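One structure below.
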Amino acid sequence: MSDALVIRNMTRTEVDELVAWAAREGWNPGLHDAEVFWATDPEAFIAADLEGELIGGGAITSYHGEFGFMGFFIVRPEYRGQGLGNTLWHARRDRLLKRLRPGASIGLDGVFEMQDYYATGGFAFSHRNMRFRAEIPDRPVTSPDDDKNIILLDTLPLDQILDYDRTCFPALRPTFLQKWISQPDALALGYQRDGRLSGYGVVRRCREGCKIGPLFADDALAAQALYMHLAGFAAGGSLFLDVPESNPAAIELVQQHQMLEVFGCARMYLGPPPDLAHERIFGVTTFELG
């Protein structure tokens, strides 16, 4: 049956369908993820088509050819166990390699039970990214004016944000960040010390509650201040944060706020692991685009 499978680029409407599948799988996508993801890299979305029917898909995002990320890998339940997902996954990997410069690395966040499978495709384990959840009391949204170090992120030039982001992400991502920090139903804040950006975070509304991502900060003090202000956006509902175990201070943060671990992924790389300031990464951006 895999011989009849057609691998092709997705349409914009099909990306909405992929996001709906993700919601049914319990991935809890953001309300505006499809628009931001498509704007970041329309060529990233790959469909598996069987006899004219969309049966699977995934993203192979290229960040200017310098770094790639594989995510959003879904095959409809009734088509699993037939080798179709294997064909789609390898086709996506090979297509992404062609979209990158020679030697560029590819990352992914895979569920733990698929870790051995991804290893056969050349990926090596780096660390675990764990999803934590908290219920935020019903209270007014915290104002950035409550802390002189907290600012609205869109008051800064994009270049400043990109420079900071690049220490925590393997490539520049101007299109993504511009859309991400200005999306509706979201709040993007920065943390400044002596006129210098020392961290930033974004919280967005999702199908259930809100997610913080990313949460990047110089140290635990800045991360704590950002977390408290971003958490206010989720007042009266659930809040999720995806934390890398490679940063002990990030684990301490979620423990301090009594967040509960509800999910996790293995961060893996094909090629050399990127050189990042792991001590600054308190929350990853997304499991879908890195």
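Chain labels run A, B, ... following the order of the structure tokens; each chain numbers its residues from 1, and ligands are numbered from 1 in the order shown.
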Using only C-alpha atoms, which protein or nucleic acid residues come within 9 Å of Asp49 in chain A? Drop anything in the same chain fewer than 6 positions from it, and give the result as a ChimeraX atom specification. /A:4-8,55-57
Per-residue nearest contacts range 208-275 of chain A to range 11-28 of chain A, cut-off 12 Å, using only C-alpha atoms, as JSON lines:
{"residue": "A:Glu208", "atom": "CA", "partner": "A:Asn28", "partner_atom": "CA", "distance": 6.3}
{"residue": "A:Gly209", "atom": "CA", "partner": "A:Asn28", "partner_atom": "CA", "distance": 8.8}
{"residue": "A:Cys210", "atom": "CA", "partner": "A:Asn28", "partner_atom": "CA", "distance": 9.2}
{"residue": "A:Lys211", "atom": "CA", "partner": "A:Asn28", "partner_atom": "CA", "distance": 9.1}
{"residue": "A:Ser238", "atom": "CA", "partner": "A:Asn28", "partner_atom": "CA", "distance": 11.5}
{"residue": "A:Leu239", "atom": "CA", "partner": "A:Asn28", "partner_atom": "CA", "distance": 11.4}
{"residue": "A:Phe240", "atom": "CA", "partner": "A:Asn28", "partner_atom": "CA", "distance": 9.8}
{"residue": "A:Val262", "atom": "CA", "partner": "A:Gly26", "partner_atom": "CA", "distance": 11.2}
{"residue": "A:Phe263", "atom": "CA", "partner": "A:Trp27", "partner_atom": "CA", "distance": 9.6}
{"residue": "A:Gly264", "atom": "CA", "partner": "A:Trp27", "partner_atom": "CA", "distance": 11.1}
{"residue": "A:Cys265", "atom": "CA", "partner": "A:Trp27", "partner_atom": "CA", "distance": 11.8}
I'd like the contact shell of range 96-105 of chain A - 9 Å cut-off, only C-alpha atoms, skipping same-chain residues fewer than 3 positions apart - returned as a PDB file with C-alpha atoms, in the first residue's frame.
ATOM      1  CA  ALA A  44       7.572  22.963   5.369  1.00  0.00           C
ATOM      2  CA  ILE A  60      10.052  20.005   7.929  1.00  0.00           C
ATOM      3  CA  THR A  61      10.902  23.590   8.796  1.00  0.00           C
ATOM      4  CA  SER A  62      14.052  25.128   7.359  1.00  0.00           C
ATOM      5  CA  TYR A  63      15.486  28.161   9.112  1.00  0.00           C
ATOM      6  CA  HIS A  64      17.290  29.787   6.181  1.00  0.00           C
ATOM      7  CA  GLY A  65      19.007  26.489   5.439  1.00  0.00           C
ATOM      8  CA  GLU A  66      21.058  26.771   8.642  1.00  0.00           C
ATOM      9  CA  PHE A  67      18.951  24.505  10.849  1.00  0.00           C
ATOM     10  CA  GLY A  68      16.017  22.204  10.279  1.00  0.00           C
ATOM     11  CA  PHE A  69      13.280  20.910  12.541  1.00  0.00           C
ATOM     12  CA  MET A  70      10.933  17.961  12.050  1.00  0.00           C
ATOM     13  CA  ALA A  91      10.511  11.137   2.888  1.00  0.00           C
ATOM     14  CA  ARG A  92      10.247  14.155   5.178  1.00  0.00           C
ATOM     15  CA  ARG A  93      13.746  13.647   6.558  1.00  0.00           C
ATOM     16  CA  PRO A 170      20.188  27.246  16.528  1.00  0.00           C
ATOM     17  CA  TYR A 269      19.498  15.750  16.612  1.00  0.00           C
ATOM     18  CA  LEU A 270      20.651  14.487  13.246  1.00  0.00           C
ATOM     19  CA  GLY A 271      24.112  15.991  12.940  1.00  0.00           C
ATOM     20  CA  PRO A 272      26.076  17.934  15.545  1.00  0.00           C
ATOM     21  CA  PRO A 273      24.056  19.236  18.512  1.00  0.00           C
ATOM     22  CA  PRO A 274      23.831  23.032  18.247  1.00  0.00           C
TER      23      PRO A 274
END
Residues at most 8 Å from range 118-127 of chain A, counting only C-alpha atoms, excluding those fewer than 3 positions away in the same chain, as a PyMOL selection string? chain A and resi 90+110+114-115+244-246+266-271+273
Using CA of Ala217 in chain A and CA of His229 in chain A as the two end points, give the distance in Å to one decimal. 13.7 Å
Best match for closeness to Val36 in chain A among A:Val202, A:Met228, A:Leu289, A:Met259, counting only C-alpha atoms: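 Counting only C-alpha atoms, the residue closest to Val36 in chain A is A:Leu289.
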Among the residues of range 68-153 of chain A, find those DSSP assigns to strand (DSSP E or B) from the backbone and print them as an MDAnalysis selection string. chainID A and resid 68:75 105:110 124:135 150:152
For Phe216 in chain A, which residue among A:Cys168, A:Leu153, A:Ala134, A:Ile161 is the nearest when counting only C-alpha atoms?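 The answer is A:Cys168, which sits nearest to Phe216 in chain A.
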Give me the residues near range 253-257 of chain A as a VMD selection string, where near means some atom within 12 Å (using only C-alpha atoms) and where sequence neighbours in that chain fewer than 6 positions away do not count. chain A and resid 130 to 136 215 219 to 228 231 239 to 245 247 281 to 283
I'd like to know which of A:Pro214, A:Pro184, A:Gly190, A:Gly232 is closest to Leu158 in chain A, using only C-alpha atoms.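 Using only C-alpha atoms, the shortest distance to Leu158 in chain A belongs to A:Gly190.
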Taken to one decimal, the CA of Tyr164 in chain A-CA of Leu187 in chain A distance is 18.0 Å
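Close contacts of Asn9 in chain A, defined as residues with an atom at most 8 Å away when counting only C-alpha atoms, with chain neighbours fewer than 3 positions off set aside, comprise A:Glu43, A:Ala44, A:Phe45, A:Ile46, A:Ala47.
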Would you return as a ChimeraX atom specification the members of range 38-93 of chain A that DSSP assigns to helix (DSSP H, G or I) on this structure's backbone? /A:38-40,42-44,77-79,84-93
Of the residues A:Asp275, A:Asp109, A:Asp33, A:Glu53, which is the one nearest to Ala171 in chain A, using only C-alpha atoms?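 Among the listed residues, the smallest separation from Ala171 in chain A belongs to A:Asp275.
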CA of Arg193 in chain A and CA of Ala249 in chain A, how far apart in Å?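 CA of Arg193 in chain A lies 19.6 Å from CA of Ala249 in chain A.
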Find the residue from A:Gly30, A:Phe112, A:Gln82, A:Gln192 that sits nearest to Asp147 in chain A; use only C-alpha atoms when measuring. A:Gln192
